[in-house]
>>> print(open('coords_36.cif').read())   # mmCIF, C-alpha atoms
data_upload
#
loop_
_atom_site.label_atom_id
_atom_site.label_comp_id
_atom_site.auth_asym_id
_atom_site.auth_seq_id
_atom_site.Cartn_x
_atom_site.Cartn_y
_atom_site.Cartn_z
CA MET K 1071 31.10 55.71 -9.50
CA SER K 1072 27.77 54.13 -10.41
CA PRO K 1073 24.74 54.64 -8.12
CA ARG K 1074 24.72 50.94 -7.20
CA HIS K 1075 28.33 50.89 -6.06
CA SER K 1076 27.93 54.25 -4.30
CA ARG K 1077 24.92 53.00 -2.38
CA MET K 1078 26.79 49.85 -1.41
CA LEU K 1079 29.84 51.68 -0.04
CA LEU K 1080 27.80 54.39 1.70
CA THR K 1081 25.74 51.68 3.41
CA VAL K 1082 28.92 50.10 4.78
CA ILE K 1083 30.08 53.48 6.08
CA GLN K 1084 26.70 54.19 7.72
CA ILE K 1085 26.66 50.82 9.49
CA MET K 1086 30.30 51.01 10.61
CA ARG K 1087 29.85 54.55 12.00
CA LYS K 1088 27.67 52.97 14.67
CA ALA K 1089 30.44 50.49 15.57
CA ARG K 1090 32.75 52.91 17.39
CA GLY K 1091 36.05 51.40 18.47
CA TYR K 1092 35.69 48.32 16.24
CA THR K 1093 39.31 47.30 15.60
CA ARG K 1094 38.62 45.47 12.32
CA ALA K 1095 36.66 48.30 10.72
CA ASN K 1096 39.32 49.20 8.16
CA LEU K 1097 39.55 45.61 6.95
CA VAL K 1098 35.77 45.59 6.44
CA LEU K 1099 35.95 48.81 4.42
CA GLY K 1100 38.89 47.44 2.42
CA TYR K 1101 36.86 44.37 1.50
CA ALA K 1102 33.80 46.49 0.70
CA VAL K 1103 35.82 48.54 -1.79
CA ALA K 1104 37.36 45.37 -3.26
CA ALA K 1105 33.90 43.80 -3.63
CA ALA K 1106 32.67 46.94 -5.40
CA ALA K 1107 35.58 46.65 -7.82
CA ALA K 1108 34.83 42.95 -8.30
CA LEU K 1109 31.20 43.75 -9.15
CA SER K 1110 32.35 46.23 -11.80
CA LEU K 1111 34.40 43.84 -13.96
CA PRO K 1112 34.10 40.32 -15.41
CA ASN K 1113 34.88 37.29 -13.28
CA PRO K 1114 38.66 36.71 -13.28
CA PHE K 1115 38.38 32.93 -13.13
CA VAL K 1116 39.13 31.17 -16.42
CA MET K 1117 35.84 29.85 -17.79
CA GLN K 1118 36.69 28.14 -21.09
CA PHE K 1119 36.46 24.63 -19.66
CA GLU K 1120 32.66 24.77 -19.41
CA GLY K 1121 30.35 22.81 -21.68
CA ASN K 1122 31.08 20.19 -24.31
CA HIS K 1123 33.89 21.24 -26.60
CA ASP K 1124 34.26 18.43 -29.06
CA SER K 1125 36.71 20.13 -31.40
CA ASN K 1126 40.26 20.83 -30.30
CA VAL K 1127 41.45 24.36 -30.93
CA GLY K 1128 44.62 24.59 -32.94
CA LEU K 1129 44.61 21.07 -34.39
CA ASP K 1130 43.79 22.11 -37.95
CA GLN K 1131 47.38 23.05 -38.71
CA VAL K 1132 48.64 19.88 -37.05
CA GLU K 1133 46.43 17.78 -39.31
CA LYS K 1134 47.96 19.35 -42.40
CA THR K 1135 51.59 18.82 -41.44
CA HIS K 1136 51.73 15.53 -39.53
CA THR K 1137 50.81 11.92 -40.06
CA THR K 1138 47.64 10.39 -38.68
CA VAL K 1139 49.58 8.59 -35.96
CA THR K 1140 50.93 11.93 -34.79
CA ASP K 1141 47.42 13.39 -34.97
CA VAL K 1142 46.13 10.74 -32.59
CA ILE K 1143 48.98 11.41 -30.13
CA VAL K 1144 48.41 15.17 -30.28
CA ASP K 1145 44.66 14.68 -29.86
CA LYS K 1146 45.22 12.58 -26.72
CA GLN K 1147 47.70 15.11 -25.39
CA GLN K 1148 45.23 17.93 -25.96
CA LYS K 1149 42.48 16.03 -24.15
CA LEU K 1150 44.78 15.23 -21.22
CA LYS K 1151 45.91 18.85 -21.07
CA LYS K 1152 42.33 20.08 -21.11
CA LYS K 1153 41.36 17.63 -18.37
CA LYS K 1154 44.30 18.75 -16.23
CA LEU K 1155 43.48 22.43 -16.72
CA LYS K 1156 39.85 21.79 -15.80
CA GLU K 1157 40.94 20.05 -12.60
CA MET K 1158 43.26 22.98 -11.82
CA ALA K 1159 40.37 25.41 -12.35
CA GLU K 1160 38.18 23.47 -9.92
CA VAL K 1161 40.96 23.41 -7.31
CA SER K 1162 41.47 27.16 -7.76
CA ARG K 1163 37.78 27.88 -7.24
CA ALA K 1164 37.66 25.74 -4.12
CA LYS K 1165 40.79 27.45 -2.76
CA PHE K 1166 39.35 30.99 -2.95
CA SER K 1167 35.64 30.24 -2.60
CA ASN K 1168 33.61 32.17 -0.05
CA LEU K 1169 30.44 30.15 0.49
CA SER K 1170 28.37 33.24 1.21
CA SER K 1171 29.19 35.43 -1.80
CA ASP K 1172 30.76 35.39 -5.25
CA ALA K 1173 31.69 39.06 -4.81
CA LEU K 1174 33.62 38.27 -1.61
CA THR K 1175 35.24 35.31 -3.36
CA VAL K 1176 36.64 37.60 -6.05
CA ALA K 1177 37.58 40.20 -3.43
CA TYR K 1178 39.72 37.57 -1.69
CA VAL K 1179 41.26 36.63 -5.04
CA LEU K 1180 42.09 40.30 -5.59
CA GLN K 1181 43.72 40.58 -2.17
CA CYS K 1182 45.88 37.51 -2.79
CA PHE K 1183 46.73 38.81 -6.27
CA GLU K 1184 47.95 42.17 -4.94
CA LEU K 1185 49.96 40.52 -2.15
CA SER K 1186 51.57 37.93 -4.42
CA GLY K 1187 55.19 38.46 -5.32
CA SER K 1188 54.56 37.74 -8.99
CA PRO K 1189 51.10 38.57 -10.41
CA VAL K 1190 51.82 36.69 -13.65
CA GLU K 1191 52.85 33.56 -11.78
CA PHE K 1192 49.82 33.89 -9.49
CA CYS K 1193 47.45 33.96 -12.49
CA ASN K 1194 49.19 31.04 -14.20
CA GLU K 1195 49.09 28.87 -11.09
CA ASN K 1196 45.46 29.67 -10.28
CA LEU K 1197 44.12 30.02 -13.84
CA MET K 1198 43.10 33.67 -13.58
CA HIS K 1199 42.81 36.40 -16.19
CA LEU K 1200 45.77 38.72 -15.59
CA LYS K 1201 44.29 41.73 -17.44
CA THR K 1202 41.04 41.51 -15.49
CA LEU K 1203 42.79 41.44 -12.12
CA GLU K 1204 45.11 44.28 -13.10
CA GLU K 1205 42.12 46.45 -14.02
CA MET K 1206 40.32 45.40 -10.84
CA SER K 1207 43.31 46.36 -8.72
CA LYS K 1208 43.50 49.82 -10.32
CA LEU K 1209 39.76 50.32 -9.84
CA ARG K 1210 39.94 49.29 -6.17
CA LYS K 1211 42.53 51.98 -5.47
CA GLN K 1212 40.48 54.61 -7.33
CA LEU K 1213 37.32 53.72 -5.41
CA LEU K 1214 39.16 53.89 -2.10
CA GLU K 1215 40.40 57.38 -2.95
CA LEU K 1216 36.84 58.45 -3.82
CA VAL K 1217 35.54 57.19 -0.48
CA PHE K 1218 38.00 59.30 1.49
CA ASN K 1219 37.86 62.33 -0.82
CA GLN K 1220 34.11 62.68 -0.37
CA SER K 1221 34.60 62.37 3.40
CA THR K 1222 36.54 65.66 3.49
CA ILE K 1223 34.24 67.81 1.32
CA GLY K 1224 32.27 69.40 4.14
CA ALA K 1225 29.85 69.10 7.04
CA LEU K 1226 27.02 68.00 4.75
CA ASN K 1227 28.86 64.72 4.19
CA GLU K 1228 29.65 64.07 7.83
CA GLU K 1229 27.05 61.30 7.85
CA PHE K 1230 29.15 59.41 5.31
CA SER K 1231 32.65 60.22 6.57
CA TRP K 1232 34.83 57.37 7.74
CA PRO K 1233 35.50 57.63 11.50
CA HIS K 1234 37.92 54.73 11.91
CA GLY K 1235 41.11 56.18 10.46
CA THR K 1236 42.70 57.32 7.24
CA MET K 1237 43.04 55.84 3.77
CA LYS K 1238 46.48 54.56 4.77
CA ASP K 1239 44.95 52.71 7.72
CA THR K 1240 42.45 50.99 5.41
CA GLU K 1241 45.15 50.14 2.89
CA HIS K 1242 47.37 48.74 5.66
CA ALA K 1243 44.54 46.53 6.97
CA TRP K 1244 43.83 45.34 3.41
CA ARG K 1245 47.47 44.36 2.84
CA VAL K 1246 47.69 41.90 5.74
CA SER K 1247 48.22 38.45 4.25
CA SER K 1248 45.97 35.56 5.27
CA ASP K 1249 45.90 31.87 4.36
CA LYS K 1250 42.11 31.82 4.52
CA HIS K 1251 39.22 34.24 4.22
CA PRO K 1252 39.99 36.91 6.85
CA LEU K 1253 36.41 38.12 7.35
CA LEU K 1254 34.28 37.03 10.29
CA LEU K 1255 30.74 35.76 9.77
CA ASN K 1256 29.12 38.97 11.05
CA GLU K 1257 31.37 41.01 8.76
CA GLU K 1258 30.32 38.92 5.74
CA GLU K 1259 26.67 39.48 6.70
CA LEU K 1260 27.29 43.23 6.93
CA LEU K 1261 28.81 43.32 3.45
CA GLY K 1262 25.91 41.19 2.18
CA GLN K 1263 23.48 43.82 3.47
CA ALA K 1264 25.46 46.53 1.69
CA ILE K 1265 25.45 44.63 -1.60
CA CYS K 1266 21.70 44.13 -1.26
CA ALA K 1267 21.27 47.87 -0.71
CA GLY K 1268 22.98 48.57 -4.03
CA TRP K 1269 21.21 45.82 -5.95
CA ALA K 1270 17.84 45.81 -4.18
CA ASP K 1271 16.03 45.33 -7.49
CA ARG K 1272 18.03 42.19 -8.23
CA VAL K 1273 16.89 39.86 -5.50
CA ALA K 1274 15.87 36.29 -6.31
CA LYS K 1275 13.97 33.74 -4.23
CA ARG K 1276 14.53 30.04 -4.50
CA THR K 1277 11.60 28.09 -5.86
CA ARG K 1278 10.96 24.37 -6.29
CA ALA K 1279 7.88 24.75 -8.46
CA ILE K 1280 8.06 24.40 -12.24
CA SER K 1281 6.77 27.49 -14.00
CA VAL K 1282 5.01 27.31 -17.36
CA SER K 1283 7.89 29.08 -19.09
CA SER K 1284 10.47 26.63 -17.74
CA GLU K 1285 8.82 23.29 -18.53
CA GLY K 1286 11.65 22.59 -20.97
CA ASP K 1287 14.13 22.90 -18.10
CA ARG K 1288 12.73 20.12 -15.90
CA LYS K 1289 15.96 18.14 -16.09
CA ALA K 1290 18.18 21.02 -15.04
CA GLU K 1291 20.08 20.13 -11.89
CA ALA K 1292 20.88 23.72 -10.85
CA ALA K 1293 18.83 25.39 -8.12
CA ARG K 1294 15.84 27.30 -9.52
CA TYR K 1295 15.13 30.91 -8.60
CA GLN K 1296 12.45 33.46 -9.33
CA ALA K 1297 14.04 36.86 -9.95
CA CYS K 1298 11.96 39.86 -9.00
CA MET K 1299 12.50 41.67 -12.33
CA VAL K 1300 11.82 38.83 -14.80
CA LYS K 1301 9.01 36.33 -15.15
CA GLU K 1302 10.99 33.33 -16.35
CA THR K 1303 12.71 30.90 -14.00
CA VAL K 1304 16.45 31.47 -13.59
CA PHE K 1305 19.12 29.05 -12.42
CA LEU K 1306 22.09 29.39 -10.11
CA HIS K 1307 25.28 28.88 -12.12
CA ARG K 1308 27.20 25.76 -11.12
CA TRP K 1309 30.45 27.78 -10.84
CA SER K 1310 28.89 30.10 -8.24
CA SER K 1311 30.41 29.97 -4.75
CA VAL K 1312 26.91 29.62 -3.27
CA SER K 1313 25.78 26.84 -5.65
CA ASN K 1314 26.16 24.14 -3.00
CA SER K 1315 24.24 25.98 -0.27
CA ALA K 1316 21.63 27.49 -2.66
CA PRO K 1317 20.21 30.00 -0.12
CA GLU K 1318 16.54 30.87 0.06
CA PHE K 1319 17.23 34.45 -1.08
CA LEU K 1320 20.19 35.87 -2.97
CA VAL K 1321 21.28 39.04 -4.77
CA TYR K 1322 22.57 38.74 -8.33
CA SER K 1323 24.51 41.24 -10.42
CA GLU K 1324 23.58 39.90 -13.85
CA LEU K 1325 21.48 37.31 -15.65
CA LEU K 1326 23.12 35.24 -18.37
CA HIS K 1327 20.74 33.89 -20.98
CA THR K 1328 22.64 30.68 -21.71
CA LYS K 1329 19.74 28.55 -22.94
CA ARG K 1330 17.74 30.10 -25.75
CA PHE K 1331 17.41 27.18 -28.12
CA SER K 1332 15.18 24.13 -28.27
CA ALA K 1333 16.39 20.58 -28.79
CA PRO K 1334 17.56 19.88 -32.38
CA LEU K 1335 14.64 19.56 -34.78
CA LEU K 1336 14.20 16.74 -37.29
CA ASP K 1337 11.86 18.85 -39.39
CA PRO K 1338 13.37 20.77 -41.12
CA LYS K 1339 16.04 18.13 -41.53
CA PRO K 1340 19.63 18.79 -40.41
CA TYR K 1341 22.11 19.45 -43.17
CA TYR K 1342 25.76 19.70 -44.18
CA GLU K 1343 27.32 23.09 -44.99
CA PRO K 1344 30.21 22.66 -47.50
CA LEU K 1345 31.96 25.97 -46.82
CA ALA K 1346 32.00 25.44 -43.04
CA ASP K 1347 32.60 21.68 -43.46
CA GLN K 1348 30.19 21.04 -40.61
CA VAL K 1349 26.76 19.57 -40.05
CA PHE K 1350 24.05 21.84 -38.68
CA CYS K 1351 20.60 21.37 -37.20
CA TRP K 1352 17.63 23.69 -36.86
CA VAL K 1353 16.42 24.86 -33.46
CA ILE K 1354 13.64 27.06 -32.14
CA SER K 1355 15.03 30.22 -30.56
CA THR K 1356 13.20 32.43 -28.06
CA PHE K 1357 13.60 35.98 -26.81
CA GLY K 1358 12.71 37.90 -23.67
CA PRO K 1359 11.04 36.92 -20.39
CA HIS K 1360 7.88 35.87 -22.25
CA LEU K 1361 9.94 33.52 -24.47
CA TRP K 1362 8.67 34.92 -27.75
CA GLN K 1363 9.41 32.46 -30.52
CA LEU K 1364 11.76 33.71 -33.23
CA PRO K 1365 12.39 32.33 -36.74
CA LEU K 1366 14.19 28.99 -36.87
CA HIS K 1367 17.92 29.21 -36.34
CA SER K 1368 20.65 26.77 -37.42
CA VAL K 1369 23.52 25.80 -35.10
CA PRO K 1370 26.43 23.33 -35.36
CA ILE K 1371 25.64 19.92 -33.87
CA SER K 1372 27.64 19.35 -30.69
CA ASP K 1373 26.44 15.88 -29.72
CA ASN K 1374 28.89 13.26 -31.07
CA VAL K 1375 26.34 10.56 -31.85
CA GLN K 1376 23.90 12.91 -33.55
CA ARG K 1377 26.66 14.66 -35.49
CA VAL K 1378 27.91 11.37 -36.97
CA SER K 1379 24.37 10.26 -37.88
CA VAL K 1380 23.65 13.55 -39.63
CA PHE K 1381 26.98 13.37 -41.46
CA ALA K 1382 26.14 9.85 -42.67
CA TYR K 1383 22.73 11.09 -43.86
CA ALA K 1384 24.29 14.11 -45.62
CA LEU K 1385 26.89 11.88 -47.29
CA LEU K 1386 24.27 9.50 -48.70
CA GLU K 1387 21.99 12.40 -49.64
CA GLY K 1388 24.69 13.94 -51.84
CA GLN K 1389 25.15 17.08 -49.73
CA LEU K 1390 28.83 16.20 -49.34
CA LEU K 1391 29.65 14.55 -52.69
CA PRO K 1392 27.24 15.53 -55.51
CA CYS K 1393 27.67 12.23 -57.38
CA LEU K 1394 25.81 10.39 -54.61
CA GLY K 1395 22.82 12.68 -55.02
CA SER K 1396 22.41 11.64 -58.64
CA VAL K 1397 22.03 7.94 -57.77
CA ARG K 1398 19.65 8.16 -54.80
CA LYS K 1399 16.96 6.41 -56.82
CA TYR K 1400 19.09 3.23 -56.77
CA MET K 1401 19.32 3.12 -52.99
CA SER K 1402 17.46 0.48 -51.01
CA ALA K 1403 16.13 3.03 -48.52
CA PRO K 1404 15.95 6.83 -48.31
CA PRO K 1405 19.03 8.35 -46.61
CA ALA K 1406 16.75 10.17 -44.14
CA SER K 1407 15.96 6.82 -42.50
CA ILE K 1408 19.36 7.00 -40.84
CA LEU K 1409 18.04 9.90 -38.73
CA ARG K 1410 15.23 7.81 -37.21
CA PRO K 1411 16.28 6.10 -33.95
CA GLU K 1412 13.85 3.23 -34.52
CA ALA K 1413 15.67 2.34 -37.77
CA LEU K 1414 19.07 1.81 -36.09
CA GLY K 1415 18.28 -1.91 -35.75
CA GLN K 1416 18.58 -2.32 -39.51
CA LYS K 1417 22.03 -3.48 -40.60
CA ARG K 1418 22.68 -0.82 -43.23
CA VAL K 1419 21.41 1.99 -40.98
CA GLY K 1420 23.56 1.10 -37.99
CA ASN K 1421 26.74 0.00 -39.79
CA LEU K 1422 27.65 3.27 -41.50
CA PRO K 1423 27.55 5.51 -38.37
CA SER K 1424 29.39 2.81 -36.39
CA LYS K 1425 32.14 2.68 -39.00
CA LEU K 1426 32.42 6.47 -39.04
CA LYS K 1427 33.00 6.42 -35.27
CA SER K 1428 35.35 3.43 -35.23
CA ARG K 1429 38.44 5.37 -36.29
CA PRO K 1430 40.74 7.09 -33.74
CA ARG K 1431 39.49 10.38 -35.22
CA THR K 1432 35.79 10.25 -36.04
CA ILE K 1433 34.80 10.92 -39.65
CA ASP K 1434 32.26 13.75 -39.36
CA CYS K 1435 33.40 16.21 -42.03
CA CYS K 1436 34.80 16.23 -45.56
CA SER K 1437 38.37 16.88 -44.43
CA MET K 1438 38.32 13.81 -42.18
CA LEU K 1439 36.81 11.69 -44.97
CA ARG K 1440 39.61 12.86 -47.27
CA GLU K 1441 42.23 11.85 -44.69
CA ALA K 1442 40.58 8.45 -44.17
CA TRP K 1443 40.59 7.68 -47.89
CA LYS K 1444 44.20 8.83 -48.17
CA GLU K 1445 45.14 6.13 -45.65
CA ASN K 1446 42.71 3.46 -46.88
CA PRO K 1447 40.94 4.01 -50.22
CA ARG K 1448 38.47 1.20 -49.40
CA GLU K 1449 37.32 2.76 -46.11
CA LEU K 1450 33.47 2.77 -45.91
CA HIS K 1451 33.22 0.85 -49.21
CA ALA K 1452 31.16 -2.04 -47.82
CA GLU K 1453 29.00 0.21 -45.62
CA ILE K 1454 28.02 2.56 -48.48
CA LEU K 1455 27.60 -0.30 -50.98
CA ASP K 1456 25.11 -1.90 -48.60
CA TRP K 1457 22.78 1.09 -49.14
CA PHE K 1458 22.35 0.30 -52.84
CA GLN K 1459 20.13 -2.21 -54.57
CA GLU K 1460 21.88 -5.31 -55.91
CA SER K 1461 21.11 -4.31 -59.49
CA PHE K 1462 23.37 -1.26 -59.03
CA HIS K 1463 26.35 -3.08 -57.51
CA LYS K 1464 28.07 -3.58 -60.89
CA GLN K 1465 28.06 0.19 -61.42
CA PHE K 1466 29.15 1.04 -57.91
CA GLU K 1467 32.89 0.97 -58.66
CA VAL K 1468 32.43 3.80 -61.17
CA LEU K 1469 30.54 5.77 -58.52
CA TRP K 1470 33.24 4.95 -55.95
CA SER K 1471 35.95 6.38 -58.22
CA GLN K 1472 33.88 9.53 -58.75
CA MET K 1473 33.48 9.93 -54.98
CA HIS K 1474 37.26 9.79 -54.55
CA LEU K 1475 37.68 12.51 -57.17
CA GLU K 1476 35.04 14.81 -55.70
CA VAL K 1477 36.34 14.55 -52.12
CA LEU K 1478 39.56 16.23 -53.28
CA LEU K 1479 37.74 19.27 -54.69
CA ASP K 1480 37.12 22.55 -52.90
CA PRO K 1481 33.51 23.28 -51.89
CA GLN K 1482 33.18 25.84 -54.71
CA GLU K 1483 34.29 23.21 -57.24
CA ARG K 1484 31.98 20.53 -55.88
CA PHE K 1485 29.01 22.88 -55.78
CA PRO K 1486 29.50 25.56 -58.46
CA LYS K 1487 26.90 28.31 -58.50
CA LYS K 1488 24.48 28.05 -61.33
CA LYS K 1489 24.88 30.84 -63.82
CA ARG K 1490 21.75 32.84 -64.23
CA GLY K 1491 20.79 34.09 -67.66
CA LYS K 1492 20.77 37.82 -68.13
CA ARG K 1493 17.35 39.36 -67.94
CA LYS K 1494 16.34 41.73 -70.65
CA SER K 1495 15.59 45.11 -69.22
CA LYS K 1496 12.41 46.81 -70.24
CA GLN K 1497 12.38 50.49 -70.99
CA VAL K 1498 9.77 52.34 -69.00
CA LEU K 1499 8.16 55.14 -70.95
#
>>> encode(input="coords_36.cif", output="structure tokens")
Amino acid sequence: MSPRHSRMLLTVIQIMRKARGYTRANLVLGYAVAAAAALSLPNPFVMQFEGNHDSNVGLDQVEKTHTTVTDVIVDKQQKLKKKKLKEMAEVSRAKFSNLSSDALTVAYVLQCFELSGSPVEFCNENLMHLKTLEEMSKLRKQLLELVFNQSTIGALNEEFSWPHGTMKDTEHAWRVSSDKHPLLLNEEELLGQAICAGWADRVAKRTRAISVSSEGDRKAEAARYQACMVKETVFLHRWSSVSNSAPEFLVYSELLHTKRFSAPLLDPKPYYEPLADQVFCWVISTFGPHLWQLPLHSVPISDNVQRVSVFAYALLEGQLLPCLGSVRKYMSAPPASILRPEALGQKRVGNLPSKLKSRPRTIDCCSMLREAWKENPRELHAEILDWFQESFHKQFEVLWSQMHLEVLLDPQERFPKKKRGKRKSKQVL
């Protein structure tokens, strides 16, 4: 058992030794052990519905074997399914939530899991990770055995022996079913003190001031905290059971560094990666509590509007189809102008991104462009033609045919590596 968890459980025993004759003592110990197990493993709640997930997992194979009409239906079904699962996850969290502690929330989940007739069905209905709860249940039983084994070692441990009954008594109290959180307010406060004893170096105080290191987080809606072990401002996760109350002080078990990148940069310009068939942007990444700046890092673009604009720019630039790169000098404006928000009022700048987004499935990669041209070979013809000078319009049909040929090629065929000449080796004497 780790020192933190040991300190937590021993603190509960010390406090409860003073409460002679307390009839609910074994339930308190049962929850303390369950909370210790909960603090040892990942959160069992399903978390994959967080954030903006614009791509739908598993649709690649569907695209290859079904018509576009079917693709649209499947896409809508996937979105509806995801929305329903997200709603189920929110209901599940509200059902088990303990407003005073995430650890006690998970402890209650564990109790309901062990008392359920079918653990698999319980996890499916409440969107829980079965493997995590199974491991947590095993750990809870092991920790309970350790608590009572150390109580019988000798007189030296009398201070930490449990005076309210046997392990069976604690297990019996734990296995009493309840439709709501069975702990009383004073019992929750007692367990909160014990958790604080084990994680005394992980206390955070709520703050409403904006620190220098968190100026980029001014728009964050989550409650701000200053943790005692780090200098940067930290935020209370929106899935936390205490997120609504946001107490003045709290104890945390871990810090998740979820925001380490700046907003997308326009310099260096975003780009299209043929092998990944995605558009990427450059961001500034930071490390550590002092937010040391690291070398620029590229990440896929998640924002729908920005992703389409960058794809339109990459298409005109020739990053997608090489033949377009060879005729950039005949364009009426540089492709990079499509990245400037102030230029969206121009007809040619606004029309191409709008057309890319007008389809049921947005054109933001080469595979989607290939599918669009398979359905309608004249798709985007007017919008791309509008980018060229009138003197080039007579030659555009030749370019258009070349674009249709190149879109069918693999990335390696569209962008073959240049062969380097062999260097003559010099003999060193």
>>> resolve_selection(input="coords_36.cif", expression="the PyMOL selection byres ((chain K and resi 1443) around 12)", output="list in words")
Thr1138, Ile1433, Cys1436, Ser1437, Met1438, Leu1439, Arg1440, Glu1441, Ala1442, Lys1444, Glu1445, Asn1446, Pro1447, Arg1448, Glu1449, Leu1450, His1451, Trp1470, Ser1471, Met1473, His1474, Leu1475, Glu1476, Val1477 and Leu1478 of chain K
>>> closest_residue(input="coords_36.cif", among="K:Val1217, K:Ala1274, K:Val1419, K:Leu1391", to="Ala1403 in chain K", atoms="only C-alpha atoms")
K:Val1419
>>> closest_residue(input="coords_36.cif", among="K:Ser1379, K:Ser1461, K:Ser1186, K:Ser1162", to="Met1401 in chain K", atoms="only C-alpha atoms")
K:Ser1461
>>> closest_residue(input="coords_36.cif", among="K:Glu1229, K:Asp1239, K:Asp1434, K:Glu1184", to="Glu1343 in chain K", atoms="all atoms listed in the file")
K:Asp1434
>>> residues_around(input="coords_36.cif", residues="Leu1099 in chain K", least_positions_apart="3", cutoff="8 Å", atoms="all atoms listed in the file", output="list in words")
Val1082, Ile1083, Ala1095, Asn1096, Ala1102, Val1103 and Thr1240 of chain K
>>> atom_distance(input="coords_36.cif", atom1="CA of Phe1458 in chain K", atom2="CA of Ala1346 in chain K")
28.7 Å
>>> resolve_selection(input="coords_36.cif", expression="the PyMOL selection byres ((chain K and resi 1273) around 12)", output="mmCIF file with C-alpha atoms, in the coordinates of the input")
data_model
loop_
_atom_site.group_PDB
_atom_site.id
_atom_site.type_symbol
_atom_site.label_atom_id
_atom_site.label_comp_id
_atom_site.auth_asym_id
_atom_site.auth_seq_id
_atom_site.Cartn_x
_atom_site.Cartn_y
_atom_site.Cartn_z
ATOM 1 C CA GLY K 1262 25.910 41.190 2.180
ATOM 2 C CA GLN K 1263 23.480 43.820 3.470
ATOM 3 C CA ILE K 1265 25.450 44.630 -1.600
ATOM 4 C CA CYS K 1266 21.700 44.130 -1.260
ATOM 5 C CA ALA K 1267 21.270 47.870 -0.710
ATOM 6 C CA GLY K 1268 22.980 48.570 -4.030
ATOM 7 C CA TRP K 1269 21.210 45.820 -5.950
ATOM 8 C CA ALA K 1270 17.840 45.810 -4.180
ATOM 9 C CA ASP K 1271 16.030 45.330 -7.490
ATOM 10 C CA ARG K 1272 18.030 42.190 -8.230
ATOM 11 C CA ALA K 1274 15.870 36.290 -6.310
ATOM 12 C CA LYS K 1275 13.970 33.740 -4.230
ATOM 13 C CA ARG K 1276 14.530 30.040 -4.500
ATOM 14 C CA TYR K 1295 15.130 30.910 -8.600
ATOM 15 C CA GLN K 1296 12.450 33.460 -9.330
ATOM 16 C CA ALA K 1297 14.040 36.860 -9.950
ATOM 17 C CA CYS K 1298 11.960 39.860 -9.000
ATOM 18 C CA MET K 1299 12.500 41.670 -12.330
ATOM 19 C CA VAL K 1300 11.820 38.830 -14.800
ATOM 20 C CA VAL K 1304 16.450 31.470 -13.590
ATOM 21 C CA PRO K 1317 20.210 30.000 -0.120
ATOM 22 C CA GLU K 1318 16.540 30.870 0.060
ATOM 23 C CA PHE K 1319 17.230 34.450 -1.080
ATOM 24 C CA LEU K 1320 20.190 35.870 -2.970
ATOM 25 C CA VAL K 1321 21.280 39.040 -4.770
ATOM 26 C CA TYR K 1322 22.570 38.740 -8.330
ATOM 27 C CA SER K 1323 24.510 41.240 -10.420
ATOM 28 C CA GLU K 1324 23.580 39.900 -13.850
ATOM 29 C CA LEU K 1325 21.480 37.310 -15.650
#
>>> closest_residue(input="coords_36.cif", among="K:Leu1345, K:Met1206, K:Val1380, K:Leu1213", to="Gln1181 in chain K", atoms="all atoms listed in the file")
K:Met1206
>>> closest_residue(input="coords_36.cif", among="K:Trp1457, K:Trp1352, K:Phe1485, K:Trp1244", to="Arg1094 in chain K", atoms="all atoms listed in the file")
K:Trp1244
>>> atom_distance(input="coords_36.cif", atom1="CA of Val1312 in chain K", atom2="CA of Asn1113 in chain K")
14.9 Å
>>> closest_residue(input="coords_36.cif", among="K:Ser1372, K:His1463, K:Pro1344, K:Leu1386", to="Glu1483 in chain K", atoms="all atoms listed in the file")
K:Pro1344
>>> resolve_selection(input="coords_36.cif", expression="the PyMOL selection byres ((chain K and resi 1193) around 12)", output="ChimeraX atom specification")
/K:1114-1116,1158-1159,1162,1179-1180,1182-1184,1186-1192,1194-1204
>>> atom_distance(input="coords_36.cif", atom1="CA of Trp1309 in chain K", atom2="CA of Arg1294 in chain K")
14.7 Å
>>> residues_around(input="coords_36.cif", residues="Pro1334 in chain K", least_positions_apart="6", cutoff="10 Å", atoms="only C-alpha atoms", output="NGL selection string")
:K and (1340 or 1350-1354 or 1368-1371 or 1376)
>>> write_last_selection(input="coords_36.cif", atoms="C-alpha atoms", output="PDB file, keeping the file's coordinate frame")
ATOM      1  CA  PRO K1340      19.630  18.790 -40.410  1.00  0.00           C
ATOM      2  CA  PHE K1350      24.050  21.840 -38.680  1.00  0.00           C
ATOM      3  CA  CYS K1351      20.600  21.370 -37.200  1.00  0.00           C
ATOM      4  CA  TRP K1352      17.630  23.690 -36.860  1.00  0.00           C
ATOM      5  CA  VAL K1353      16.420  24.860 -33.460  1.00  0.00           C
ATOM      6  CA  ILE K1354      13.640  27.060 -32.140  1.00  0.00           C
ATOM      7  CA  SER K1368      20.650  26.770 -37.420  1.00  0.00           C
ATOM      8  CA  VAL K1369      23.520  25.800 -35.100  1.00  0.00           C
ATOM      9  CA  PRO K1370      26.430  23.330 -35.360  1.00  0.00           C
ATOM     10  CA  ILE K1371      25.640  19.920 -33.870  1.00  0.00           C
ATOM     11  CA  GLN K1376      23.900  12.910 -33.550  1.00  0.00           C
TER      12      GLN K1376
END
>>> residues_around(input="coords_36.cif", residues="Thr1175 in chain K", least_positions_apart="4", cutoff="6 Å", atoms="only C-alpha atoms", output="JSON list (two decimals) with C-alpha atoms, in the coordinates of the input")
[["chain", "number", "residue", "atom", "x", "y", "z"],
["K", 1166, "PHE", "CA", 39.35, 30.99, -2.95],
["K", 1167, "SER", "CA", 35.64, 30.24, -2.60],
["K", 1168, "ASN", "CA", 33.61, 32.17, -0.05]]
